[in-house]
Structure formats: C-alpha cells, structure tokens
Amino acid sequence: MAEAVPRRHPTLDEVAERAGVSRSVASRALNNAPHVSRAKREAVERAVRQLGYVPNPTARALATRQTGAAALVVSGEDPSIFADPFFARVIVGASAALDEADLHLMLCLAASDRGRKRVEELMRSRGADGVMLMALREDDPLTRMADEVQMPVVFGGRPVGSAPRWYVDVDNVGGAREATEHLISLGRRRVAVICGRLDTEAGRARYRGYRDAMLGAGLDPYPPLEGDFTERSGAAAMAALLAGHPDVDGVFAANDNMAAGALRTVRQAGRRVPADVAVVGFDDLTAAQIADPPLTTVHQPVEALGREMARMLVALVNGQDPTPLVLPTRLAVRASA
C-alpha cells in the first residue's frame with residue numbers, strides 16, 4: 001500500500017496573496033502589530049481560516065520584532081533641510097510607497113553628533129524595520145554603521161568611496177553631460193561649472209559629466225567651483241566666476257537652487273540671460289519653472305527616487321534581495337539656455 005503524501009502546509013506568502021496584502025502586512029496582522037488597518041487585518045484573518053494556516057513558532061518570534069515603521073535619515077548640517085523642495089519630493093514618494101505596505105515613515109536628521117548617535121542607536125536597537133540613508137558625505141560614520149547593523153538599509157544615492165549592496169540613484173554623470181553638451185550645441189565655448197559639494201558622490205559625478213562633455217568637444221573644462229547646493233552659494237560662486245572669468249558665456253550649475261542664485265548674480269552684473277550667459281541647472285523642481293527667465297535644467301525623477309527607495313526597503317523587509325536601481329534623467333529646455 002502506497003504511503004500517503006504529507007499535506008503541504010500553506011505559507012505566509014499564500015496567506016498574503018489570498019488576503020490581497022503584502023507579506024509584511026500579513027505578518028504584522030498575525031502578530032497584532034501596529035499600523036495595520038482593520039480591513040486588512042480582517043482580510044488576513046479570513047485567509048488564515050480559509051487556508052488553515054498555522055504560524056511557525058520561530059518565524060512568529062522573529063515577526064513580533066517588527067515595528068511597523070521605516071526611517072528616512074538625512075545626514076546634513078542644516079535642520080531646515082527637510083524644507084528643501086528636493087527632500088520634500090523625496091518624502092512624498094517614500095511616504096506613498098510605505099503607505100501601500102502599511103509602514104509608518106519616520107524622519108530623522110543626523111545634523112550633529114547627538115543626532116548621529118540617536119540614529120546609530122535606532123539602527124543598533126532595530127527601532128525601525130529598515131532605514132533609508134540620504135545626503136551622506138565622504139567618511140560619514142553612518143556609512144560604516146550601515147555595514148555593521150543587522151537590518152535592511154537602502155541608500156538614496158551612492159556614498160563616496162563605498163559600494164553598498166542596495167541603493168537607488170539617478171544618472172548624475174549622464175545628466176550633467178547632457179546639460180553641458182546642450183550649452184556647447186548653442187555655440188557656447190567658455191562654459192564654466194558650479195558643482196555641488198565634492199565630498200558627495202552627486203557633486204563629484206555631476207562634475208565628471210561636465211568635464212567629459214567639455215573634453216569630448218575639445219574644450220578646456222573650468223576647475224570645479226564648489227557650492228553647497230543652496231541658492232546663496234550659487235550666487236556667491238557666480239560672482240567669483242564673473243570676477244575671475246568675465247568672458248564666461250555658459251554655466252552649468254549642479255542643482256536648481258545654485259542655478260537660481262547664478263541667474264540672480266548674472267542679472268545684477270548687467271548681463272543678459274541667455275544672450276550673454278546661458279545657464280542650465282539640475283533637478284527640475286518648481287524653482288526652475290518660476291525662475292527669471294525659466295530655467296533649462298536636467299529633470300531627475302525626485303519623487304520616484306523616494307518611492308523606489310521605499311519599495312526596495314519593503315522588499316528587503318519581506319525577505320527579498322532586490323537589485324540596485326539607477327533612474328534616468330532628461331533635459332528640460334526653457335528660456336535660460
């Protein structure tokens with residue numbers, strides 16, 4: 001007589017699929033964790049009854065450690081950084097993706113030694129299900145911390161001198177190259193650059209893109225004139241540029257804030273944009289559209305950056321192994337160049 005084939009036990013993934021929720025939501029619902037809506041909790045309970053699911057005790061013990069929250073950590077010196085339109089759009093995208101997974105968004109600013117210690121404590125104690133790290137500079141201790149902790153960490157932009165396993169970035173080199181090539185195509189030959197901070201990968205990558213385009217056209221690249229991604233620093237850099245190179249006829253600024261500052265300085269110097277000096281930025285935020293004149297800029301999908309970071313983190317929390325992602329950019333041509 002043939003032996004009876006043991007009945008396969010249903011899995012948590014099958015419960016989640018039957019309930020129409022993600023695996024992490026199903027897990028939290030089974031363990032009475034917070035941040036699960038009543039409707040989704042009832043759908044999970046119904047799927048459990050229909051499938052005859054019995055939780056694995058070991059997996060259940062691990063699941064109860066989930067907090068139902070994910071942290072977005074920005075490493076910067078200015079407490080008002082979350083008011084920057086760039087980070088505001090990142091937050092919108094990340095929040096929407098986490099909401100779909102019933103995860104609560106925590107915002108953390110590592111703006112001081114005390115702030116960084118709080119973030120380190122959060123990561124070591126697993127005070128969140130996962131962390132998204134942004135705006136890291138060279139030798140930032142949070143980069144090292146991400147390698148040491150046993151929790152999912154996704155980088156928004158690659159850190160300098162590190163090769164993280166999971167990150168979402170944009171094509172900084174390609175976007176900067178396209179911006180500079182556009183200026184050159186307009187007949188500009190003395191094209192300077194206001195780059196971002198060179199202790200960030202975005203600042204370095206956008207300068208590389210500018211330099212590649214200049215060398216490819218047989219032109220001499222200007223040395224990097226560093227700003228800190230603020231309008232004030234763009235205005236100051238443009239003033240220094242006009243003083244040292246009064247014949248400049250084109251400028252690529254590594255973000256829209258600095259480009260807006262450069263526009264203001266050019267006008268104050270009595271120069272016309274774009275007749276005398278053409279200006280291109282990078283970001284394509286609202287400031288680019290309302291600038292005087294409207295700013296030609298590199299569009300990067302900022303909201304998608306936040307959304308894809310959060311989706312990658314949710315995948316890690318659910319036990320998957322996603323691949324890194326680099327989002328494309330495109331040039332948005334307006335009146336400044």
# chains A, B, ... in the order shown; residues from 1 in each chain; ligands from 1

$ closest_atom_pairs --of "range 230-293 of chain A" --to "range 178-186 of chain A" --cutoff "12 Å" --atoms "only C-alpha atoms" --output "JSON lines"
{"residue": "A:Val248", "atom": "CA", "partner": "A:Leu183", "partner_atom": "CA", "distance": 11.9}
{"residue": "A:Asp249", "atom": "CA", "partner": "A:Leu183", "partner_atom": "CA", "distance": 9.2}
{"residue": "A:Gly250", "atom": "CA", "partner": "A:Leu183", "partner_atom": "CA", "distance": 6.5}
{"residue": "A:Val251", "atom": "CA", "partner": "A:Leu183", "partner_atom": "CA", "distance": 8.0}
{"residue": "A:Phe252", "atom": "CA", "partner": "A:Thr180", "partner_atom": "CA", "distance": 6.4}
{"residue": "A:Ala253", "atom": "CA", "partner": "A:Ala179", "partner_atom": "CA", "distance": 9.3}
{"residue": "A:Ala254", "atom": "CA", "partner": "A:Ala179", "partner_atom": "CA", "distance": 9.7}
{"residue": "A:Asn255", "atom": "CA", "partner": "A:Ala179", "partner_atom": "CA", "distance": 11.3}
{"residue": "A:Pro274", "atom": "CA", "partner": "A:Leu186", "partner_atom": "CA", "distance": 10.2}
{"residue": "A:Ala275", "atom": "CA", "partner": "A:Leu186", "partner_atom": "CA", "distance": 10.7}
{"residue": "A:Asp276", "atom": "CA", "partner": "A:Leu186", "partner_atom": "CA", "distance": 12.0}
{"residue": "A:Val277", "atom": "CA", "partner": "A:Leu183", "partner_atom": "CA", "distance": 10.0}
{"residue": "A:Ala278", "atom": "CA", "partner": "A:Leu183", "partner_atom": "CA", "distance": 7.2}
{"residue": "A:Val279", "atom": "CA", "partner": "A:Leu183", "partner_atom": "CA", "distance": 8.1}
{"residue": "A:Val280", "atom": "CA", "partner": "A:Ala179", "partner_atom": "CA", "distance": 6.5}
{"residue": "A:Gly281", "atom": "CA", "partner": "A:Ala179", "partner_atom": "CA", "distance": 7.8}
{"residue": "A:Phe282", "atom": "CA", "partner": "A:Ala179", "partner_atom": "CA", "distance": 8.2}
{"residue": "A:Asp283", "atom": "CA", "partner": "A:Ala179", "partner_atom": "CA", "distance": 11.4}

$ write_last_selection --atoms "N, CA and C atoms" --output "mmCIF file, in the first residue's frame"
data_model
loop_
_atom_site.group_PDB
_atom_site.id
_atom_site.type_symbol
_atom_site.label_atom_id
_atom_site.label_comp_id
_atom_site.auth_asym_id
_atom_site.auth_seq_id
_atom_site.Cartn_x
_atom_site.Cartn_y
_atom_site.Cartn_z
ATOM 1 N N VAL A 248 33.081 84.433 -19.523
ATOM 2 C CA VAL A 248 32.306 83.196 -19.493
ATOM 3 C C VAL A 248 30.983 83.414 -20.228
ATOM 4 N N ASP A 249 30.576 82.425 -21.050
ATOM 5 C CA ASP A 249 29.324 82.587 -21.796
ATOM 6 C C ASP A 249 28.313 81.464 -21.533
ATOM 7 N N GLY A 250 28.662 80.553 -20.651
ATOM 8 C CA GLY A 250 27.741 79.485 -20.289
ATOM 9 C C GLY A 250 28.090 78.929 -18.928
ATOM 10 N N VAL A 251 27.073 78.501 -18.174
ATOM 11 C CA VAL A 251 27.302 77.946 -16.835
ATOM 12 C C VAL A 251 26.389 76.738 -16.625
ATOM 13 N N PHE A 252 26.984 75.637 -16.178
ATOM 14 C CA PHE A 252 26.201 74.507 -15.693
ATOM 15 C C PHE A 252 26.284 74.507 -14.181
ATOM 16 N N ALA A 253 25.133 74.630 -13.518
ATOM 17 C CA ALA A 253 25.061 74.571 -12.055
ATOM 18 C C ALA A 253 24.479 73.229 -11.655
ATOM 19 N N ALA A 254 25.071 72.593 -10.645
ATOM 20 C CA ALA A 254 24.752 71.204 -10.333
ATOM 21 C C ALA A 254 23.434 71.001 -9.602
ATOM 22 N N ASN A 255 22.692 72.064 -9.312
ATOM 23 C CA ASN A 255 21.292 71.899 -8.912
ATOM 24 C C ASN A 255 20.549 73.203 -9.168
ATOM 25 N N PRO A 274 19.558 84.470 -21.934
ATOM 26 C CA PRO A 274 20.798 83.745 -22.214
ATOM 27 C C PRO A 274 21.740 84.444 -23.188
ATOM 28 N N ALA A 275 21.418 85.656 -23.646
ATOM 29 C CA ALA A 275 22.208 86.290 -24.700
ATOM 30 C C ALA A 275 23.691 86.366 -24.344
ATOM 31 N N ASP A 276 23.987 86.815 -23.107
ATOM 32 C CA ASP A 276 25.390 86.931 -22.689
ATOM 33 C C ASP A 276 25.889 85.672 -21.976
ATOM 34 N N VAL A 277 25.068 85.160 -21.078
ATOM 35 C CA VAL A 277 25.442 83.960 -20.304
ATOM 36 C C VAL A 277 24.240 83.016 -20.269
ATOM 37 N N ALA A 278 24.398 81.841 -20.807
ATOM 38 C CA ALA A 278 23.351 80.815 -20.746
ATOM 39 C C ALA A 278 23.566 79.965 -19.495
ATOM 40 N N VAL A 279 22.464 79.605 -18.839
ATOM 41 C CA VAL A 279 22.557 78.876 -17.563
ATOM 42 C C VAL A 279 21.675 77.630 -17.613
ATOM 43 N N VAL A 280 22.239 76.507 -17.150
ATOM 44 C CA VAL A 280 21.500 75.242 -17.045
ATOM 45 C C VAL A 280 21.658 74.712 -15.623
ATOM 46 N N GLY A 281 20.566 74.198 -15.070
ATOM 47 C CA GLY A 281 20.600 73.632 -13.724
ATOM 48 C C GLY A 281 20.425 72.125 -13.732
ATOM 49 N N PHE A 282 20.049 71.592 -12.558
ATOM 50 C CA PHE A 282 19.871 70.140 -12.407
ATOM 51 C C PHE A 282 18.863 69.908 -11.289
ATOM 52 N N ASP A 283 17.754 69.261 -11.583
ATOM 53 C CA ASP A 283 16.700 68.833 -10.643
ATOM 54 C C ASP A 283 15.332 68.910 -11.305
#

$ residues_around --residues "Val73 in chain A" --least-positions-apart "2" --cutoff "6 Å" --atoms "only C-alpha atoms" --output "list in words"
Cys108, Leu109, Met132 and Leu133 of chain A

$ write_last_selection --atoms "N, CA, C and O atoms" --output "CSV table (one decimal), in the first residue's frame"
chain,number,residue,atom,x,y,z
A,108,CYS,N,14.4,61.4,10.3
A,108,CYS,CA,15.5,61.6,11.2
A,108,CYS,C,16.5,62.4,10.5
A,108,CYS,O,16.9,62.2,9.4
A,109,LEU,N,17.0,63.5,11.3
A,109,LEU,CA,18.1,64.3,10.7
A,109,LEU,C,19.3,64.1,11.6
A,109,LEU,O,19.4,64.4,12.8
A,132,MET,N,16.4,54.2,5.3
A,132,MET,CA,16.8,54.8,4.1
A,132,MET,C,17.8,55.9,4.4
A,132,MET,O,17.4,56.8,5.2
A,133,LEU,N,19.0,55.9,3.9
A,133,LEU,CA,20.0,56.9,4.2
A,133,LEU,C,20.3,57.8,3.0
A,133,LEU,O,20.4,57.3,1.9

$ atom_distance --atom1 "CA of Ala29 in chain A" --atom2 "CA of Gly93 in chain A"
24.7 Å

$ closest_residue --among "A:Val326, A:Val333, A:Ala135, A:Val266" --to "Ala239 in chain A" --atoms "only C-alpha atoms"
A:Val266

$ residues_around --residues "Ile81 in chain A" --least-positions-apart "2" --cutoff "12 Å" --atoms "only C-alpha atoms" --output "list in words"
Val73, Val74, Ser75, Gly76, Glu77, Asp78, Pro79, Ala83, Asp84, Pro85, Phe86, Phe87, Ala88, Val90, Ile91, Leu107, Cys108, Leu109, Ala110, Ala111, Met134, Ala135, Asp228, Phe229 and Thr230 of chain A

$ residues_around --residues "Asp99 in chain A" --least-positions-apart "2" --cutoff "12 Å" --atoms "only C-alpha atoms" --output "PyMOL selection string"
chain A and resi 21-22+25+35-37+68-70+91-97+101-105+307+310-311+314

$ write_last_selection --atoms "C-alpha atoms" --output "PDB file, in the first residue's frame"
ATOM      1  CA  VAL A  21      -1.839  42.360   1.113  1.00  0.00           C
ATOM      2  CA  SER A  22       1.959  42.346   1.262  1.00  0.00           C
ATOM      3  CA  VAL A  25       1.332  43.380   6.405  1.00  0.00           C
ATOM      4  CA  HIS A  35      -0.164  50.261  11.754  1.00  0.00           C
ATOM      5  CA  VAL A  36      -2.436  47.629  10.155  1.00  0.00           C
ATOM      6  CA  SER A  37      -5.894  48.774   9.114  1.00  0.00           C
ATOM      7  CA  GLY A  68       5.742  48.775  11.560  1.00  0.00           C
ATOM      8  CA  ALA A  69       7.962  51.776  10.764  1.00  0.00           C
ATOM      9  CA  ALA A  70      10.741  52.706   8.346  1.00  0.00           C
ATOM     10  CA  ILE A  91       9.437  62.326   1.302  1.00  0.00           C
ATOM     11  CA  VAL A  92       6.235  62.422  -0.764  1.00  0.00           C
ATOM     12  CA  GLY A  93       7.399  59.481  -2.885  1.00  0.00           C
ATOM     13  CA  ALA A  94       8.692  57.424   0.033  1.00  0.00           C
ATOM     14  CA  SER A  95       5.592  58.053   2.122  1.00  0.00           C
ATOM     15  CA  ALA A  96       3.267  56.897  -0.670  1.00  0.00           C
ATOM     16  CA  ALA A  97       5.170  53.625  -1.166  1.00  0.00           C
ATOM     17  CA  ALA A 101       2.870  48.489   2.647  1.00  0.00           C
ATOM     18  CA  ASP A 102       1.238  49.834   5.843  1.00  0.00           C
ATOM     19  CA  LEU A 103       4.591  51.067   7.132  1.00  0.00           C
ATOM     20  CA  HIS A 104       4.877  54.317   9.086  1.00  0.00           C
ATOM     21  CA  LEU A 105       7.509  56.847   7.927  1.00  0.00           C
ATOM     22  CA  ARG A 307       9.235  55.863  -3.981  1.00  0.00           C
ATOM     23  CA  ALA A 310      10.888  52.745  -0.069  1.00  0.00           C
ATOM     24  CA  ARG A 311       9.848  49.898  -2.374  1.00  0.00           C
ATOM     25  CA  VAL A 314       9.902  46.955   1.755  1.00  0.00           C
TER      26      VAL A 314
END

$ closest_residue --among "A:Leu325, A:Val131, A:Ala217, A:Val153" --to "Arg177 in chain A" --atoms "only C-alpha atoms"
A:Ala217

$ select_by_dssp --residues "range 119-278 of chain A" --states "strand (DSSP E)" --output "list in words"
Gly130, Val131, Met132, Leu133, Met134, Val153, Val154, Phe155, Gly156, Tyr167, Val168, Asp169, Val170, Val191, Ala192, Val193, Ile194, Cys195, Leu225, Glu226, Gly250, Val251, Phe252, Ala253 and Ala278 of chain A

$ atom_distance --atom1 "CA of Glu17 in chain A" --atom2 "CA of Asn31 in chain A"
17.5 Å

$ select_by_dssp --residues "range 57-229 of chain A" --states "helix (DSSP H, G or I)" --output "JSON, numbers by chain"
{"A": [57, 58, 59, 60, 61, 62, 63, 79, 80, 81, 82, 83, 85, 86, 87, 88, 89, 90, 91, 92, 93, 94, 95, 96, 97, 98, 99, 100, 113, 114, 115, 116, 117, 118, 119, 120, 121, 122, 123, 124, 141, 142, 143, 144, 145, 146, 147, 148, 172, 173, 174, 175, 176, 177, 178, 179, 180, 181, 182, 183, 184, 185, 201, 202, 203, 204, 205, 206, 207, 208, 209, 210, 211, 212, 213, 214, 215, 216]}

$ atom_distance --atom1 "CA of Tyr167 in chain A" --atom2 "CA of Val154 in chain A"
5.2 Å

$ closest_residue --among "A:Gln66, A:Thr286, A:Asn172, A:Gly234" --to "Arg206 in chain A" --atoms "only C-alpha atoms"
A:Asn172

$ closest_residue --among "A:Met123, A:Arg197, A:Ala192, A:Glu226" --to "Met214 in chain A" --atoms "only C-alpha atoms"
A:Ala192

$ closest_residue --among "A:Leu142, A:Gly174, A:Ser233, A:Arg190" --to "Gly115 in chain A" --atoms "only C-alpha atoms"
A:Leu142

$ closest_residue --among "A:Val54, A:Val160, A:Leu136, A:Leu242" --to "Gly270 in chain A" --atoms "only C-alpha atoms"
A:Leu242

$ residues_around --residues "range 328-330 of chain A" --least-positions-apart "4" --cutoff "7 Å" --atoms "only C-alpha atoms" --output "count of residues only"
6
